[in-house]
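Novice: To start, I am sharing the structure in question, which I have written as structure tokens.
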Amino acid sequence: MSERNQSQEQQGSVRDELHPALLILDDLVRIQSVNPHYGSDAHGESEVAAYIERRFAGTNVQITRQPVFPGRENLVLELRTGHPEATLLFETHMDTVSIGSMADALTPNYRDGRMYARGACDAKGSLAGMIWALEECAKHPELLQADIVLCAAVDEEHEYRGLRVFMAGEMPVTGAVVGEPTELGIVVAHKGCARFAVTTHGVAAHSSMPEEGDSAIYQMMHVMQFIRDIIEPQLAQVNHPLCGSPTIVAGTIHGGTQINIVPEQCEIELDRRILPGELPEVVIAEFEQQLRHYIEQENLQVKVTVRELLLDWALQTPQDAAVVSFAREAARALDLSDELIGVTYGSDASKLQRQGIPTIVYGPGSIAQAHSKEEWVSVREVGLAADFYYQLARSFGSE
Ligand SMILES: [Zn+2]
């Protein structure tokens with residue numbers, strides 16, 4: 001037997017013993033669904049949507065396509081069981097980041113209990129589990145005490161437009177699970193971020209007469225010093241029990257236009273990760289106020305402007321929310337950790353929570369593998385996450 005046939009046979013036998021959610025994942029990763037933002041050979045989400053639609057065709061699950069961009073639609077699946085007062089939402093995304101340098105990214109490769117493929121971890125492992133759980137629920141809706149909705153969204157990997165369109169529909173929801181890799185940890189808190197630019201304004205002059213000018217780059221040195229000496233130690237003092245300390249990074253710097261001109265402008269872009277309880281717009285305003293105060297106090301000749309780039313909220317779900325209690329119960333029933341944890345990356349959960357929907361994040365795989373050229377997910381975790389979603393759906397809404 002050739003080596004190739006042998007490994008194919010091994011794959012076959014591995015597949016046979018596996019959780020049915022893994023077979024769904026196997027199908028999903030073979031469908032290219034790179035977000036169109038990442039290049040012209042990206043297919044977008046429509047083939048994944050069509051696949052899910054086919055699975056639920058002719059069942060008691062109501063299917064709605066929600067237009068977001070031309071040819072790109074959220075798929076909203078509703079299992080109405082006569083319990084609209086308790087509606088559990090499963091939400092995750094169908095798009096992936098680009099294939100990048102990942103080899104054979106669309107052919108699942110099983111090795112050491114892992115499946116390697118683009119999207120396996122972020123977030124098709126979660127999506128497969130949610131599809132399977134909904135299929136199981138749909139077989140016996142009379143066993144449920146809640147309506148179950150699955151939103152498979154487009155465009156999470158770029159501008160979150162899919163989720164925004166779903167939320168604009170204002171469907172009543174009483175608890176939500178966002179599918180992202182959490183290594184089967186129940187995430188009730190995560191950081192958000194405030195991204196903004198700081199520009200210093202000098203006076204241009206010929207470099208043969210620098211005394212006629214005022215260097216914006218030299219001005220920026222003072223701003224950087226302020227960040228390193230004042231802001232960073234301040235942030236290190238703050239600690240959130242689940243998320244740790246807030247952080248700040250100057251990711252880019254641009255200044256000057258030509259080697260022989262005193263630079264008129266210099267700009268840095270800052271990424272400040274915020275804690276639950278902080279508001280991104282307030283964080284930016286306070287930074288600016290503190291910086292202006294520093295400039296004045298130190299008597300510096302620095303002219304700055306501050307410009308907002310992106311705001312994303314942190315997540316803090318009340319620990320007594322029903323979805324949290326049911327999630328912990330589901331985890332215990334499956335012998336999984338029921339510990340409530342926080343993570344440092346952001347997700348759609350904070351947007352749902354901001355709309356008043358208690359939300360957790362839960363899924364197989366680790367964020368460390370998401371977006372990487374070695375993306376993989378633990379085969380075992382995919383099955384367990386699927387079981388967890390099903391267990392949660394079964395108990396949600398009960399007394
Ligand atoms: Zn994701």
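Residues are referred to by chain and number: the chain letter is A, B, ... according to the order shown in the structure tokens, the number counts from 1 in that chain, and ligands are numbered separately from 1 in the order shown.
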As number ranges by chain, please: the residues near A:Ser207 (cut-off 10 Å, only C-alpha atoms, same-chain neighbours under 6 positions excluded).

Specialist: A: 213, 258-263

Novice: Write out the residues from the selection above, keeping N, CA, C and O atoms, as a PDB file, in the first residue's frame.

Specialist:
```
ATOM      1  N   GLY A 213      12.363  76.528  11.324  1.00  0.00           N
ATOM      2  CA  GLY A 213      11.254  75.570  11.414  1.00  0.00           C
ATOM      3  C   GLY A 213      11.015  75.087  12.842  1.00  0.00           C
ATOM      4  O   GLY A 213      11.612  75.585  13.804  1.00  0.00           O
ATOM      5  N   GLN A 258      10.314  64.673   3.447  1.00  0.00           N
ATOM      6  CA  GLN A 258      11.520  64.670   2.631  1.00  0.00           C
ATOM      7  C   GLN A 258      12.719  64.872   3.538  1.00  0.00           C
ATOM      8  O   GLN A 258      12.631  65.586   4.540  1.00  0.00           O
ATOM      9  N   ILE A 259      13.859  64.324   3.123  1.00  0.00           N
ATOM     10  CA  ILE A 259      15.033  64.351   3.996  1.00  0.00           C
ATOM     11  C   ILE A 259      15.533  65.772   4.263  1.00  0.00           C
ATOM     12  O   ILE A 259      16.089  66.067   5.325  1.00  0.00           O
ATOM     13  N   ASN A 260      15.303  66.674   3.328  1.00  0.00           N
ATOM     14  CA  ASN A 260      15.861  68.029   3.503  1.00  0.00           C
ATOM     15  C   ASN A 260      14.819  69.068   3.916  1.00  0.00           C
ATOM     16  O   ASN A 260      14.956  70.247   3.655  1.00  0.00           O
ATOM     17  N   ILE A 261      13.737  68.586   4.546  1.00  0.00           N
ATOM     18  CA  ILE A 261      12.723  69.529   5.049  1.00  0.00           C
ATOM     19  C   ILE A 261      12.468  69.235   6.526  1.00  0.00           C
ATOM     20  O   ILE A 261      12.305  68.067   6.903  1.00  0.00           O
ATOM     21  N   VAL A 262      12.465  70.272   7.340  1.00  0.00           N
ATOM     22  CA  VAL A 262      12.068  70.101   8.744  1.00  0.00           C
ATOM     23  C   VAL A 262      10.611  69.630   8.748  1.00  0.00           C
ATOM     24  O   VAL A 262       9.760  70.263   8.125  1.00  0.00           O
ATOM     25  N   PRO A 263      10.312  68.491   9.399  1.00  0.00           N
ATOM     26  CA  PRO A 263       8.975  67.904   9.284  1.00  0.00           C
ATOM     27  C   PRO A 263       7.878  68.769   9.897  1.00  0.00           C
ATOM     28  O   PRO A 263       7.977  69.210  11.039  1.00  0.00           O
TER      29      PRO A 263
END
```

Novice: Show me which residues sit within 7 Å of ligand 1 when counting only C-alpha atoms and all ligand atoms, and put them as a ChimeraX atom specification.

Specialist: /A:93,122-123,156-157,180

Novice: So how far away is atom CA of A:Thr257 from atom CA of A:Glu296, in Å?

Specialist: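 So the answer is 28.1 Å.
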
Novice: What are the nearest atom pairs, with distances in Å to one decimal, for all residues of stretch 348-373 of chain A that come at most 12 Å from stretch 65-88 of chain A, using only C-alpha atoms, set out by chain and rising residue number as a tab-separated table?

Specialist:
```
residue	atom	partner	partner_atom	distance
A:Ile357	CA	A:Leu88	CA	9.9
A:Pro358	CA	A:Leu88	CA	10.1
A:Thr359	CA	A:Leu88	CA	9.8
A:Ile360	CA	A:Leu88	CA	11.4
```

Novice: For stretch 236-251 of chain A, please output as a ChimeraX atom specification all residues within 8 Å (counting only C-alpha atoms; exclusion window: fewer than 6 positions along the same chain).

Specialist: /A:189-191,268-276,341-344

Novice: Fewer than 4 positions away in the same chain doesn't count, so skip those; otherwise give me all residues within 12 Å of A:Glu298, counting only C-alpha atoms, as number ranges by chain.

Specialist: A: 222-223, 225-226, 291-294, 302

Novice: I want to know what sits within 7 Å of A:Gln265, based on only C-alpha atoms, with residues of the same chain fewer than 2 positions away left out; could you give that as a list in words?

Specialist: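 Residues meeting the cut-off are Thr199, Thr200, His201, Gly202, Ala216, Gly255, Gly256, Pro263 and Glu267 of chain A.
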
Novice: Report as a list in words all protein, DNA and RNA residues lying within 9 Å of A:Arg328, evaluated on only C-alpha atoms, omitting residues in the same chain fewer than 6 positions from it.

Specialist: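 So, after excluding close chain neighbours, the residues are Ile186, Leu336, Ser337, Asp338, Glu339, Leu340 and Leu392 of chain A.
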